[in-house]
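Structure below is upload-v2.cif: mmCIF, C-alpha atoms.
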data_my_file
loop_
_atom_site.label_atom_id
_atom_site.label_comp_id
_atom_site.auth_asym_id
_atom_site.auth_seq_id
_atom_site.Cartn_x
_atom_site.Cartn_y
_atom_site.Cartn_z
CA MET A 1 0.00 0.00 0.00
CA GLY A 2 1.42 3.41 -0.97
CA GLN A 3 2.53 5.50 1.99
CA ASN A 4 0.13 8.30 1.10
CA ASN A 5 -3.11 6.39 1.19
CA LEU A 6 -2.27 4.31 4.24
CA PHE A 7 -4.96 6.10 6.26
CA ASP A 8 -7.73 5.11 3.84
CA ASN A 9 -7.59 1.50 4.98
CA THR A 10 -10.80 1.27 7.02
CA GLU A 11 -10.61 -2.49 7.49
CA THR A 12 -7.49 -2.14 9.66
CA ALA A 13 -8.71 1.10 11.25
CA PHE A 14 -11.96 -0.37 12.57
CA ALA A 15 -11.04 -4.05 12.90
CA LEU A 16 -11.86 -3.99 16.62
CA LYS A 17 -15.27 -2.37 16.24
CA SER A 18 -18.37 -4.54 16.16
CA ASP A 19 -21.14 -3.51 13.76
CA SER A 20 -23.08 -1.90 16.60
CA GLU A 21 -20.01 0.02 17.80
CA LEU A 22 -19.49 1.22 14.25
CA GLU A 23 -23.11 2.42 14.17
CA ARG A 24 -22.67 4.18 17.52
CA ALA A 25 -19.51 5.95 16.33
CA TYR A 26 -21.30 7.06 13.17
CA PHE A 27 -24.23 8.38 15.22
CA LEU A 28 -21.94 10.29 17.60
CA PHE A 29 -19.88 11.99 14.90
CA LYS A 30 -23.09 12.80 13.06
CA MET A 31 -24.27 14.58 16.21
CA ILE A 32 -20.95 16.34 16.74
CA ALA A 33 -20.99 17.49 13.10
CA ASN A 34 -24.16 19.46 13.82
CA GLU A 35 -22.64 22.20 15.87
CA PRO A 36 -25.81 23.43 17.58
CA LEU A 37 -26.45 19.84 18.62
CA VAL A 38 -23.24 19.87 20.62
CA ARG A 39 -24.54 22.90 22.47
CA ILE A 40 -27.93 21.35 23.11
CA GLY A 41 -26.35 18.08 24.19
CA THR A 42 -23.98 19.95 26.47
CA ALA A 43 -26.80 21.92 28.09
CA VAL A 44 -29.01 18.88 28.57
CA THR A 45 -26.15 16.83 29.97
CA ASN A 46 -25.07 19.55 32.40
CA PHE A 47 -28.63 19.99 33.57
CA ALA A 48 -29.15 16.26 33.99
CA ILE A 49 -25.94 15.81 35.97
CA LYS A 50 -26.68 18.76 38.26
CA ALA A 51 -30.24 17.55 38.81
CA HIS A 52 -28.91 14.03 39.55
CA LEU A 53 -31.12 12.53 36.86
CA PRO A 54 -30.29 8.92 35.98
CA VAL A 55 -28.35 10.11 32.98
CA GLN A 56 -25.11 8.26 33.80
CA GLY A 57 -26.26 5.08 32.09
CA LEU A 58 -27.26 6.95 28.96
CA ILE A 59 -24.00 8.89 28.85
CA ARG A 60 -21.99 5.73 29.45
CA ALA A 61 -23.72 3.88 26.65
CA THR A 62 -23.04 6.67 24.16
CA VAL A 63 -20.41 9.39 24.50
CA PHE A 64 -18.53 8.05 27.49
CA ASP A 65 -17.79 4.55 26.25
CA HIS A 66 -16.78 5.87 22.84
CA PHE A 67 -14.24 8.43 24.13
CA CYS A 68 -13.27 6.97 27.53
CA GLY A 69 -11.61 3.83 28.80
CA GLY A 70 -13.81 3.45 31.88
CA VAL A 71 -14.55 4.84 35.33
CA SER A 72 -11.42 3.43 37.01
CA GLU A 73 -8.08 2.03 35.87
CA GLU A 74 -9.29 -1.56 36.40
CA ASP A 75 -12.32 -0.70 34.31
CA CYS A 76 -9.95 0.34 31.48
CA LEU A 77 -8.09 -2.97 31.32
CA PRO A 78 -10.35 -4.70 28.79
CA VAL A 79 -9.89 -1.73 26.43
CA VAL A 80 -6.12 -1.63 27.06
CA ASP A 81 -5.79 -5.35 26.27
CA LYS A 82 -8.11 -5.17 23.30
CA ILE A 83 -6.30 -2.37 21.46
CA TYR A 84 -2.92 -3.86 22.41
CA SER A 85 -3.93 -6.95 20.45
CA LYS A 86 -3.48 -4.63 17.43
CA LYS A 87 -0.14 -3.29 18.77
CA VAL A 88 -1.66 0.00 19.95
CA CYS A 89 -0.57 1.02 23.48
CA SER A 90 -2.51 3.07 26.04
CA VAL A 91 -1.84 6.20 28.06
CA LEU A 92 -4.27 6.21 30.99
CA ASP A 93 -5.32 9.79 31.62
CA TYR A 94 -7.21 10.51 34.84
CA SER A 95 -9.38 13.27 33.38
CA VAL A 96 -10.90 14.92 36.41
CA GLU A 97 -10.60 18.67 35.99
CA GLY A 98 -10.75 21.92 37.90
CA LYS A 99 -10.17 20.88 41.49
CA GLU A 100 -8.86 23.52 43.88
CA GLU A 101 -8.27 21.93 47.30
CA GLU A 102 -5.02 20.59 48.73
CA ALA A 103 -6.57 17.22 49.58
CA GLN A 104 -7.59 16.82 45.94
CA PHE A 105 -4.11 17.71 44.71
CA ASP A 106 -2.72 14.98 46.97
CA SER A 107 -5.23 12.50 45.66
CA VAL A 108 -4.26 13.35 42.05
CA LEU A 109 -0.61 12.78 43.00
CA ASN A 110 -1.50 9.43 44.58
CA LYS A 111 -3.49 8.49 41.49
CA THR A 112 -0.53 9.45 39.25
CA ILE A 113 1.82 7.30 41.33
CA GLU A 114 -0.64 4.39 41.33
CA LEU A 115 -0.93 4.66 37.55
CA LEU A 116 2.86 4.64 37.13
CA GLU A 117 3.02 1.44 39.21
CA PHE A 118 0.14 0.07 37.15
CA ALA A 119 1.94 0.97 33.90
CA ASP A 120 5.14 -0.61 35.20
CA GLN A 121 3.33 -3.98 35.22
CA LYS A 122 1.88 -3.62 31.71
CA GLU A 123 3.85 -3.61 28.49
CA ALA A 124 0.77 -2.06 26.88
CA MET A 125 1.18 1.09 29.00
CA PRO A 126 4.48 2.84 28.25
CA PHE A 127 3.55 6.27 29.68
CA GLY A 128 2.05 8.04 32.67
CA VAL A 129 0.52 11.52 32.45
CA PHE A 130 -0.66 14.43 34.59
CA LYS A 131 -1.65 18.11 34.35
CA PRO A 132 0.30 20.73 36.33
CA THR A 133 -2.93 22.23 37.71
CA GLY A 134 -3.80 18.76 38.99
CA PHE A 135 -0.99 19.33 41.51
CA GLY A 136 -1.75 22.90 42.57
CA ARG A 137 -4.00 25.91 42.18
CA PHE A 138 -4.00 27.75 38.87
CA MET A 139 -3.64 31.08 40.69
CA VAL A 140 -0.35 29.97 42.26
CA TRP A 141 1.03 28.90 38.86
CA GLN A 142 -0.06 32.22 37.40
CA LYS A 143 1.55 34.32 40.13
CA LYS A 144 4.76 32.33 39.79
CA THR A 145 4.75 32.86 36.02
CA GLU A 146 4.04 36.58 36.28
CA GLY A 147 6.52 37.08 39.11
CA THR A 148 3.76 38.55 41.29
CA PRO A 149 4.58 38.57 45.02
CA MET A 150 2.94 35.67 46.86
CA THR A 151 1.46 35.42 50.32
CA THR A 152 3.19 33.14 52.82
CA GLU A 153 0.42 30.59 52.33
CA GLU A 154 0.91 30.69 48.55
CA GLU A 155 4.66 30.23 48.96
CA LYS A 156 3.86 27.09 50.98
CA GLU A 157 1.46 25.94 48.28
CA TRP A 158 4.21 26.38 45.70
CA GLU A 159 6.61 24.29 47.79
CA ARG A 160 3.99 21.55 47.95
CA ILE A 161 3.59 21.74 44.15
CA GLU A 162 7.35 21.25 43.76
CA GLU A 163 7.24 18.28 46.13
CA ARG A 164 4.39 16.65 44.24
CA PHE A 165 6.23 17.11 40.94
CA ASP A 166 9.36 15.57 42.38
CA LYS A 167 7.48 12.60 43.85
CA ALA A 168 5.76 11.87 40.54
CA CYS A 169 8.94 12.21 38.46
CA LYS A 170 11.00 10.17 40.91
CA LYS A 171 8.38 7.41 40.77
CA ALA A 172 8.45 7.47 36.96
CA TYR A 173 12.24 7.21 37.08
CA GLU A 174 12.11 4.26 39.50
CA CYS A 175 9.47 2.45 37.44
CA ASP A 176 11.25 3.35 34.20
CA VAL A 177 7.96 4.61 32.77
CA ALA A 178 8.01 7.86 30.78
CA LEU A 179 5.85 10.64 32.23
CA LEU A 180 4.01 13.12 29.99
CA ILE A 181 3.29 16.46 31.65
CA ASP A 182 0.50 18.40 29.95
CA ALA A 183 0.69 22.05 28.89
CA GLU A 184 -2.02 24.51 29.85
CA GLU A 185 -2.75 28.24 29.42
CA SER A 186 0.18 30.46 28.45
CA TRP A 187 -0.17 32.67 31.52
CA MET A 188 0.76 29.79 33.84
CA GLN A 189 3.12 27.93 31.52
CA ASP A 190 6.49 29.58 32.28
CA ALA A 191 6.40 28.34 35.86
CA ALA A 192 5.55 24.83 34.63
CA ASP A 193 8.30 24.92 31.97
CA GLU A 194 10.87 25.89 34.56
CA LEU A 195 9.83 23.19 36.99
CA VAL A 196 9.69 20.49 34.30
CA ALA A 197 13.15 21.47 33.01
CA ARG A 198 14.47 21.07 36.55
CA MET A 199 12.93 17.59 36.70
CA MET A 200 14.53 16.70 33.34
CA ARG A 201 17.91 17.79 34.63
CA LYS A 202 17.43 15.52 37.63
CA TYR A 203 15.80 12.43 36.09
CA ASN A 204 16.67 12.46 32.37
CA LYS A 205 20.41 11.82 32.64
CA GLU A 206 20.44 8.54 30.68
CA LYS A 207 17.24 8.90 28.68
CA ALA A 208 14.00 10.84 28.54
CA ILE A 209 11.71 9.94 31.46
CA VAL A 210 10.13 13.35 32.07
CA TYR A 211 8.37 14.91 29.04
CA ASN A 212 7.15 18.49 28.74
CA THR A 213 4.35 19.37 26.30
CA LEU A 214 4.79 21.95 23.55
CA GLN A 215 1.59 23.49 22.20
CA LEU A 216 2.71 24.53 18.75
CA TYR A 217 -0.16 26.88 18.05
CA ARG A 218 2.10 29.15 20.15
CA HIS A 219 4.58 30.93 17.88
CA ASP A 220 7.32 31.01 20.56
CA ARG A 221 7.58 27.29 21.27
CA PHE A 222 10.13 26.28 18.63
CA GLU A 223 12.50 28.89 19.96
CA TYR A 224 11.82 27.66 23.49
CA LEU A 225 12.76 24.10 22.45
CA GLN A 226 16.02 25.30 20.89
CA LYS A 227 16.92 27.08 24.14
CA LEU A 228 16.07 23.98 26.16
CA HIS A 229 18.23 21.97 23.77
CA GLU A 230 21.22 24.25 24.49
CA GLU A 231 20.58 23.86 28.20
CA ALA A 232 20.41 20.08 27.83
CA ARG A 233 23.78 20.01 26.10
CA VAL A 234 25.36 22.17 28.80
CA TYR A 235 23.95 20.22 31.74
CA GLY A 236 24.04 16.81 30.09
CA PHE A 237 20.43 15.66 30.20
CA LYS A 238 17.99 14.28 27.65
CA ILE A 239 14.85 16.13 26.61
CA GLY A 240 11.42 14.53 26.40
CA VAL A 241 8.69 16.44 24.59
CA LYS A 242 5.17 15.74 23.58
CA ILE A 243 4.20 17.96 20.67
CA VAL A 244 0.58 18.94 20.03
CA ARG A 245 -1.13 21.77 18.20
CA GLY A 246 -3.00 23.04 21.27
CA ALA A 247 -6.35 23.19 23.02
CA TYR A 248 -7.02 26.71 24.34
CA MET A 249 -6.98 28.84 21.22
CA GLU A 250 -10.15 30.91 21.68
CA LYS A 251 -9.43 31.48 25.35
CA GLU A 252 -5.85 32.62 24.57
CA ASN A 253 -6.89 35.04 21.84
CA GLU A 254 -9.73 36.52 23.89
CA ARG A 255 -7.53 37.14 26.93
CA ALA A 256 -4.78 38.75 24.82
CA LYS A 257 -7.32 41.07 23.24
CA GLU A 258 -8.96 41.93 26.53
CA LYS A 259 -5.65 42.67 28.29
CA GLY A 260 -4.01 44.30 25.27
CA TYR A 261 -0.96 42.09 24.74
CA LEU A 262 0.22 40.28 21.62
CA THR A 263 -1.48 36.89 21.43
CA PRO A 264 0.92 33.95 21.82
CA ILE A 265 -1.11 32.07 19.19
CA CYS A 266 0.00 31.69 15.56
CA LYS A 267 -1.84 34.02 13.20
CA ASN A 268 -3.56 31.24 11.25
CA LYS A 269 -3.91 27.50 10.72
CA LYS A 270 -1.11 27.37 8.14
CA HIS A 271 1.30 29.13 10.48
CA THR A 272 0.45 26.60 13.21
CA ASP A 273 0.90 23.65 10.83
CA ASP A 274 4.27 24.99 9.67
CA ASN A 275 5.37 25.56 13.25
CA PHE A 276 4.34 22.02 14.20
CA ASN A 277 6.10 20.44 11.23
CA THR A 278 9.29 22.50 11.62
CA THR A 279 9.54 21.56 15.30
CA MET A 280 8.81 17.90 14.53
CA LYS A 281 11.57 17.76 11.88
CA TYR A 282 14.03 19.48 14.22
CA ILE A 283 13.36 16.85 16.89
CA LEU A 284 13.67 13.91 14.50
CA LYS A 285 17.06 15.29 13.36
CA ASN A 286 18.17 15.53 17.00
CA LEU A 287 16.99 12.21 18.44
CA LYS A 288 20.27 11.64 20.22
CA ASP A 289 19.24 14.46 22.59
CA ILE A 290 15.45 14.59 22.27
CA SER A 291 12.72 11.93 22.50
CA VAL A 292 9.29 12.76 21.15
CA PHE A 293 5.63 11.86 21.54
CA ILE A 294 3.90 13.22 18.44
CA GLY A 295 0.32 13.89 19.50
CA THR A 296 -1.57 14.61 16.32
CA HIS A 297 -4.81 13.92 14.49
CA ASN A 298 -3.38 15.57 11.40
CA GLU A 299 -2.79 13.17 8.51
CA GLU A 300 -0.28 15.36 6.68
CA SER A 301 1.93 15.75 9.75
CA SER A 302 1.77 11.98 10.30
CA TYR A 303 2.77 11.24 6.70
CA MET A 304 5.51 13.84 6.96
CA ALA A 305 6.91 12.26 10.14
CA MET A 306 7.01 8.83 8.45
CA GLU A 307 8.72 10.40 5.43
CA VAL A 308 11.38 12.17 7.55
CA MET A 309 11.99 8.98 9.53
CA ARG A 310 12.53 7.13 6.26
CA GLU A 311 14.95 9.81 4.97
CA LEU A 312 16.95 9.78 8.20
CA THR A 313 16.81 5.94 8.40
CA ILE A 314 15.18 6.05 11.83
CA SER A 315 13.68 2.64 12.46
CA ARG A 316 9.89 2.59 12.71
CA ASN A 317 9.88 1.28 16.24
CA ASP A 318 12.68 3.50 17.55
CA PRO A 319 11.84 3.86 21.28
CA ARG A 320 12.47 7.63 21.08
CA VAL A 321 9.59 8.24 18.65
CA TRP A 322 5.94 7.71 19.57
CA PHE A 323 2.72 8.75 17.88
CA GLY A 324 -0.47 9.35 19.83
CA GLN A 325 -4.15 10.06 19.25
CA LEU A 326 -7.16 10.28 21.52
CA TYR A 327 -9.24 7.18 22.11
CA GLY A 328 -12.40 7.28 20.00
CA MET A 329 -10.82 9.48 17.35
CA SER A 330 -8.55 9.03 14.32
CA ASP A 331 -8.46 5.23 14.44
CA HIS A 332 -7.50 5.35 10.77
CA ILE A 333 -4.20 6.94 11.83
CA SER A 334 -3.53 4.95 15.02
CA PHE A 335 -4.31 1.42 13.84
CA ASN A 336 -2.82 1.76 10.37
CA MET A 337 0.44 3.19 11.72
CA ALA A 338 0.67 0.50 14.40
CA ASP A 339 0.04 -2.09 11.72
CA GLU A 340 3.02 -0.65 9.81
CA GLY A 341 5.25 -1.08 12.86
CA TYR A 342 5.34 2.44 14.34
CA ASN A 343 5.04 3.06 18.09
CA VAL A 344 1.48 4.22 18.69
CA ALA A 345 -0.45 4.98 21.87
CA LYS A 346 -4.01 6.06 22.46
CA TYR A 347 -4.82 8.58 25.18
CA LEU A 348 -7.43 6.83 27.31
CA PRO A 349 -9.32 9.27 29.54
CA PHE A 350 -11.00 7.72 32.55
CA GLY A 351 -12.70 8.69 35.81
CA PRO A 352 -16.18 8.91 37.33
CA VAL A 353 -18.71 9.79 34.62
CA ARG A 354 -19.79 13.09 36.17
CA ASP A 355 -16.19 14.23 36.75
CA VAL A 356 -15.05 13.40 33.22
CA MET A 357 -17.97 15.18 31.52
CA PRO A 358 -16.30 18.63 31.34
CA TYR A 359 -13.37 16.95 29.58
CA LEU A 360 -15.66 15.15 27.14
CA ILE A 361 -17.63 18.25 26.34
CA ARG A 362 -14.42 20.11 25.56
CA ARG A 363 -13.38 17.29 23.23
CA ALA A 364 -16.69 17.44 21.36
CA GLU A 365 -16.40 21.20 21.00
CA GLU A 366 -12.79 20.96 19.84
CA ASN A 367 -13.81 18.38 17.30
CA THR A 368 -16.46 20.68 15.89
CA SER A 369 -13.95 23.51 15.57
CA VAL A 370 -11.34 21.49 13.66
CA ALA A 371 -12.54 21.92 10.11
CA GLY A 372 -12.90 18.65 8.26
CA GLN A 373 -12.04 16.43 11.24
CA THR A 374 -15.58 15.22 11.86
CA SER A 375 -16.51 14.83 8.22
CA ARG A 376 -13.37 12.75 7.66
CA GLU A 377 -14.37 10.45 10.55
CA LEU A 378 -17.89 10.15 9.12
CA ASN A 379 -16.56 9.35 5.65
CA LEU A 380 -14.32 6.58 6.91
CA LEU A 381 -17.06 5.10 9.08
CA SER A 382 -19.54 5.02 6.22
CA GLN A 383 -16.90 3.48 3.92
CA GLU A 384 -16.36 0.72 6.44
CA LYS A 385 -20.12 0.18 6.81
CA LYS A 386 -20.35 -0.25 3.03
CA ARG A 387 -17.31 -2.53 2.94
CA ARG A 388 -18.88 -4.82 5.55
CA LYS A 389 -22.21 -5.00 3.70
CA LEU A 390 -20.37 -6.17 0.60
#
Go ahead and express the file in the form of C-alpha cells.
Amino acid sequence: MGQNNLFDNTETAFALKSDSELERAYFLFKMIANEPLVRIGTAVTNFAIKAHLPVQGLIRATVFDHFCGGVSEEDCLPVVDKIYSKKVCSVLDYSVEGKEEEAQFDSVLNKTIELLEFADQKEAMPFGVFKPTGFGRFMVWQKKTEGTPMTTEEEKEWERIEERFDKACKKAYECDVALLIDAEESWMQDAADELVARMMRKYNKEKAIVYNTLQLYRHDRFEYLQKLHEEARVYGFKIGVKIVRGAYMEKENERAKEKGYLTPICKNKKHTDDNFNTTMKYILKNLKDISVFIGTHNEESSYMAMEVMRELTISRNDPRVWFGQLYGMSDHISFNMADEGYNVAKYLPFGPVRDVMPYLIRRAEENTSVAGQTSRELNLLSQEKKRRKL
C-alpha cells in the first residue's frame, strides 16, 4: 500500500469495532458534526448531571464509552488489552478537571503514582501523564509565572507543588515509565516549563523519562525548544517532549485582546501547521538528545513524520519516537500506523462519569472547531459500513 493512502484502509482502522459500535460511532460523529447539537447536548447533559437525573447510564452507553476507557483504571483494562492486540498502546489519563483543594491535589498525585506502578506492570502502558494544575491551584502557577509577590500561604502551596512534581517524576524514574506532563494556558506555563526542566535535569540523565508538552499553536515554542536543547547540552540531560497543536486557542486570543498584549497564538492554521512540522523535523534530526511523543490527528503531519523517519533511516519502532491520538478518534491513523510497525499509543481518559464530563464536552467542542475532522471520521465510518455490507 502506498505511503500516502495508508490512512484510507478502514478495514485495519476499525477491525476492533463490532457492527453496533461502528453504528454508535457514526451516530456520535453525526451529532458532533451538527454544531448546535453539541450545544444542546452539552446543556441537557449539564442539567441532567446537576439535577442528579439517571443520565449516567445513557451517557456511558453513548459518548462516554466511545471516548473513555472506563470509570477506574481496572475498568480500562479490557480496552487496554483489546487495542494492544493490534499493537496500539494506552496512556491512561485521569481526566478529572478543575479541582482547587489541597486534599484533591494529593489524591491526584497518589493516582498518578498508582498509575505509574500500574503501567510498570503492563507492556501495553508505556507512559504516565498528569496536568500541572492537577498538583496545585492555577492562581499559584499564574503568580509564579508573572513574578507577582505571593502570600506566605501561597509560597507554601508552591513548595507543595514542587514536592508533588518531584514525587511523581521520581516514581516514573524508579518504574522506568516515561511521564508526559501536559501544557495549559500560556499565563501559567512559564512556571511549569521551569519546573519540568528542573525535573529533566534531575531524572533524564540517561534517557528521557520526564516529558514536557509543547503546544505549537504558540509561535514562541520552537525557539523555546532550541533554548532547552542548548541547556540540555550544557547540563548533560535528555529532553522529552510531547508535541501537540494546542487546546485553548479561543481562550488565549480573547484574553490577549482583553488585556491588550500580543497573542501567543499563531496568526492562522497554516502558520500553526508549519510551526508544528518544523519543530517535529528538528526533533527527528536531534533524536540523540530529544525523544518525542507526536500527539496529532493531522494526517499530513503523520505522513511527513514517516517520510522524515525514512529519509533519516530512523527505524519505525525507535523507542524515542511515539505517535499518539485520543481514544475514540482518528483510528485510521492509530491502527494503520501501528500495523506498519510504528510506536502508537491512544490517550485513554477515565474517571467517574460526572467528573469526566467537562473533559468530554471540551473534546466534542474541539472536534467541531477542527474543520474537516468530523466529516473525515464520518466518511471513513460510512466506507467501512459499506465494505462490511459487501
- Residues matched by the PyMOL selection byres ((chain A and resi 11-21) around 7), written as a PyMOL selection string: chain A and resi 9-10+22-25+331-332+335-336+384
- Task: Grab the CA of Phe138 in chain A to CA of Glu231 in chain A distance for me, in Å with one decimal place.
- Result: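 Pair CA of Phe138 in chain A / CA of Glu231 in chain A returns 27.1 Å.
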- Any chance you could work out the residue set of the PyMOL selection byres ((chain A and resi 329) around 10) here, as a VMD selection string? chain A and resid 25 29 66 to 67 297 325 to 328 330 to 334 346 to 347 367 373 to 374 377
Closest atom pairs, residues of range 362-382 of chain A within 10 Å of range 242-257 of chain A, all atoms listed in the file, as a tab-separated table:
residue	atom	partner	partner_atom	distance
A:Arg362	CA	A:Ala247	CA	9.0
A:Arg363	CA	A:Ala247	CA	9.2
A:Glu366	CA	A:Ala247	CA	7.5
Selection to disk with C-alpha atoms, as a PDB file, in the frame of the given file:
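See again_9.pdb below for the written result:
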ATOM      1  CA  ARG A 362     -14.420  20.110  25.560  1.00  0.00           C
ATOM      2  CA  ARG A 363     -13.380  17.290  23.230  1.00  0.00           C
ATOM      3  CA  GLU A 366     -12.790  20.960  19.840  1.00  0.00           C
TER       4      GLU A 366
END
- Task: Please indicate the distance in Å from CA of Glu155 in chain A to CA of Glu102 in chain A, rounded to one decimal place.
- Result: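 Distance reported for this atom pair: 13.7 Å.
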- Task: For each of A:Asp120, A:Glu157, A:Glu230, A:Glu162, take the minimum atom-to-atom distance to Leu179 in chain A, counting all atoms listed in the file, then give the residue where this is smallest.
- Result: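 Among the listed residues, the smallest separation from Leu179 in chain A belongs to A:Asp120.
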- Item | Residues selected by the PyMOL selection byres ((chain A and resi 38) around 12), written as a list of chain:residue names | A:Leu28, A:Phe29, A:Lys30, A:Met31, A:Ile32, A:Ala33, A:Asn34, A:Glu35, A:Pro36, A:Leu37, A:Arg39, A:Ile40, A:Gly41, A:Thr42, A:Ala43, A:Val44, A:Thr45, A:Asn46, A:Val63, A:Leu360, A:Ile361, A:Arg362, A:Arg363, A:Ala364, A:Glu365, A:Glu366, A:Asn367, A:Thr368, A:Ser369
What's the 8 Å shell around range 357-359 of chain A, counting all atoms listed in the file, without same-chain residues fewer than 6 positions away, as a compact mmCIF listing (two decimals) with C-alpha atoms, in the coordinates of the input?
# COMPACT_ATOMS: atom_id res chain seq x y z
CA SER A 95 -9.38 13.27 33.38
CA VAL A 96 -10.90 14.92 36.41
CA GLU A 97 -10.60 18.67 35.99
Missing atoms in range 351-367 of chain A: fill them in up to N, CA and C atoms and send the result as a short mmCIF file (atom, residue, chain, number, x, y, z; two decimals), in the frame of the given file.
data_model
loop_
_atom_site.label_atom_id
_atom_site.label_comp_id
_atom_site.auth_asym_id
_atom_site.auth_seq_id
_atom_site.Cartn_x
_atom_site.Cartn_y
_atom_site.Cartn_z
N GLY A 351 -12.31 8.05 34.55
CA GLY A 351 -12.70 8.69 35.81
C GLY A 351 -14.20 8.58 35.95
N PRO A 352 -14.74 8.96 37.12
CA PRO A 352 -16.18 8.91 37.33
C PRO A 352 -16.90 9.70 36.24
N VAL A 353 -18.01 9.18 35.75
CA VAL A 353 -18.71 9.79 34.62
C VAL A 353 -18.93 11.29 34.83
N ARG A 354 -19.47 11.67 36.00
CA ARG A 354 -19.79 13.09 36.17
C ARG A 354 -18.54 13.97 36.20
N ASP A 355 -17.43 13.44 36.67
CA ASP A 355 -16.19 14.23 36.75
C ASP A 355 -15.51 14.36 35.39
N VAL A 356 -15.74 13.39 34.52
CA VAL A 356 -15.05 13.40 33.22
C VAL A 356 -15.87 14.19 32.17
N MET A 357 -17.13 14.47 32.49
CA MET A 357 -17.97 15.18 31.52
C MET A 357 -17.40 16.50 31.00
N PRO A 358 -16.85 17.37 31.87
CA PRO A 358 -16.30 18.63 31.34
C PRO A 358 -15.22 18.36 30.28
N TYR A 359 -14.42 17.34 30.54
CA TYR A 359 -13.37 16.95 29.58
C TYR A 359 -13.99 16.52 28.25
N LEU A 360 -15.01 15.67 28.34
CA LEU A 360 -15.66 15.15 27.14
C LEU A 360 -16.32 16.24 26.32
N ILE A 361 -16.94 17.17 27.03
CA ILE A 361 -17.63 18.25 26.34
C ILE A 361 -16.62 19.10 25.59
N ARG A 362 -15.46 19.34 26.22
CA ARG A 362 -14.42 20.11 25.56
C ARG A 362 -13.95 19.40 24.29
N ARG A 363 -13.80 18.08 24.39
CA ARG A 363 -13.38 17.29 23.23
C ARG A 363 -14.38 17.44 22.07
N ALA A 364 -15.66 17.33 22.40
CA ALA A 364 -16.69 17.44 21.36
C ALA A 364 -16.63 18.81 20.71
N GLU A 365 -16.45 19.84 21.54
CA GLU A 365 -16.40 21.20 21.00
C GLU A 365 -15.16 21.39 20.14
N GLU A 366 -14.02 20.87 20.61
CA GLU A 366 -12.79 20.96 19.84
C GLU A 366 -12.96 20.31 18.47
N ASN A 367 -13.60 19.15 18.52
CA ASN A 367 -13.81 18.38 17.30
C ASN A 367 -14.61 19.17 16.28
#
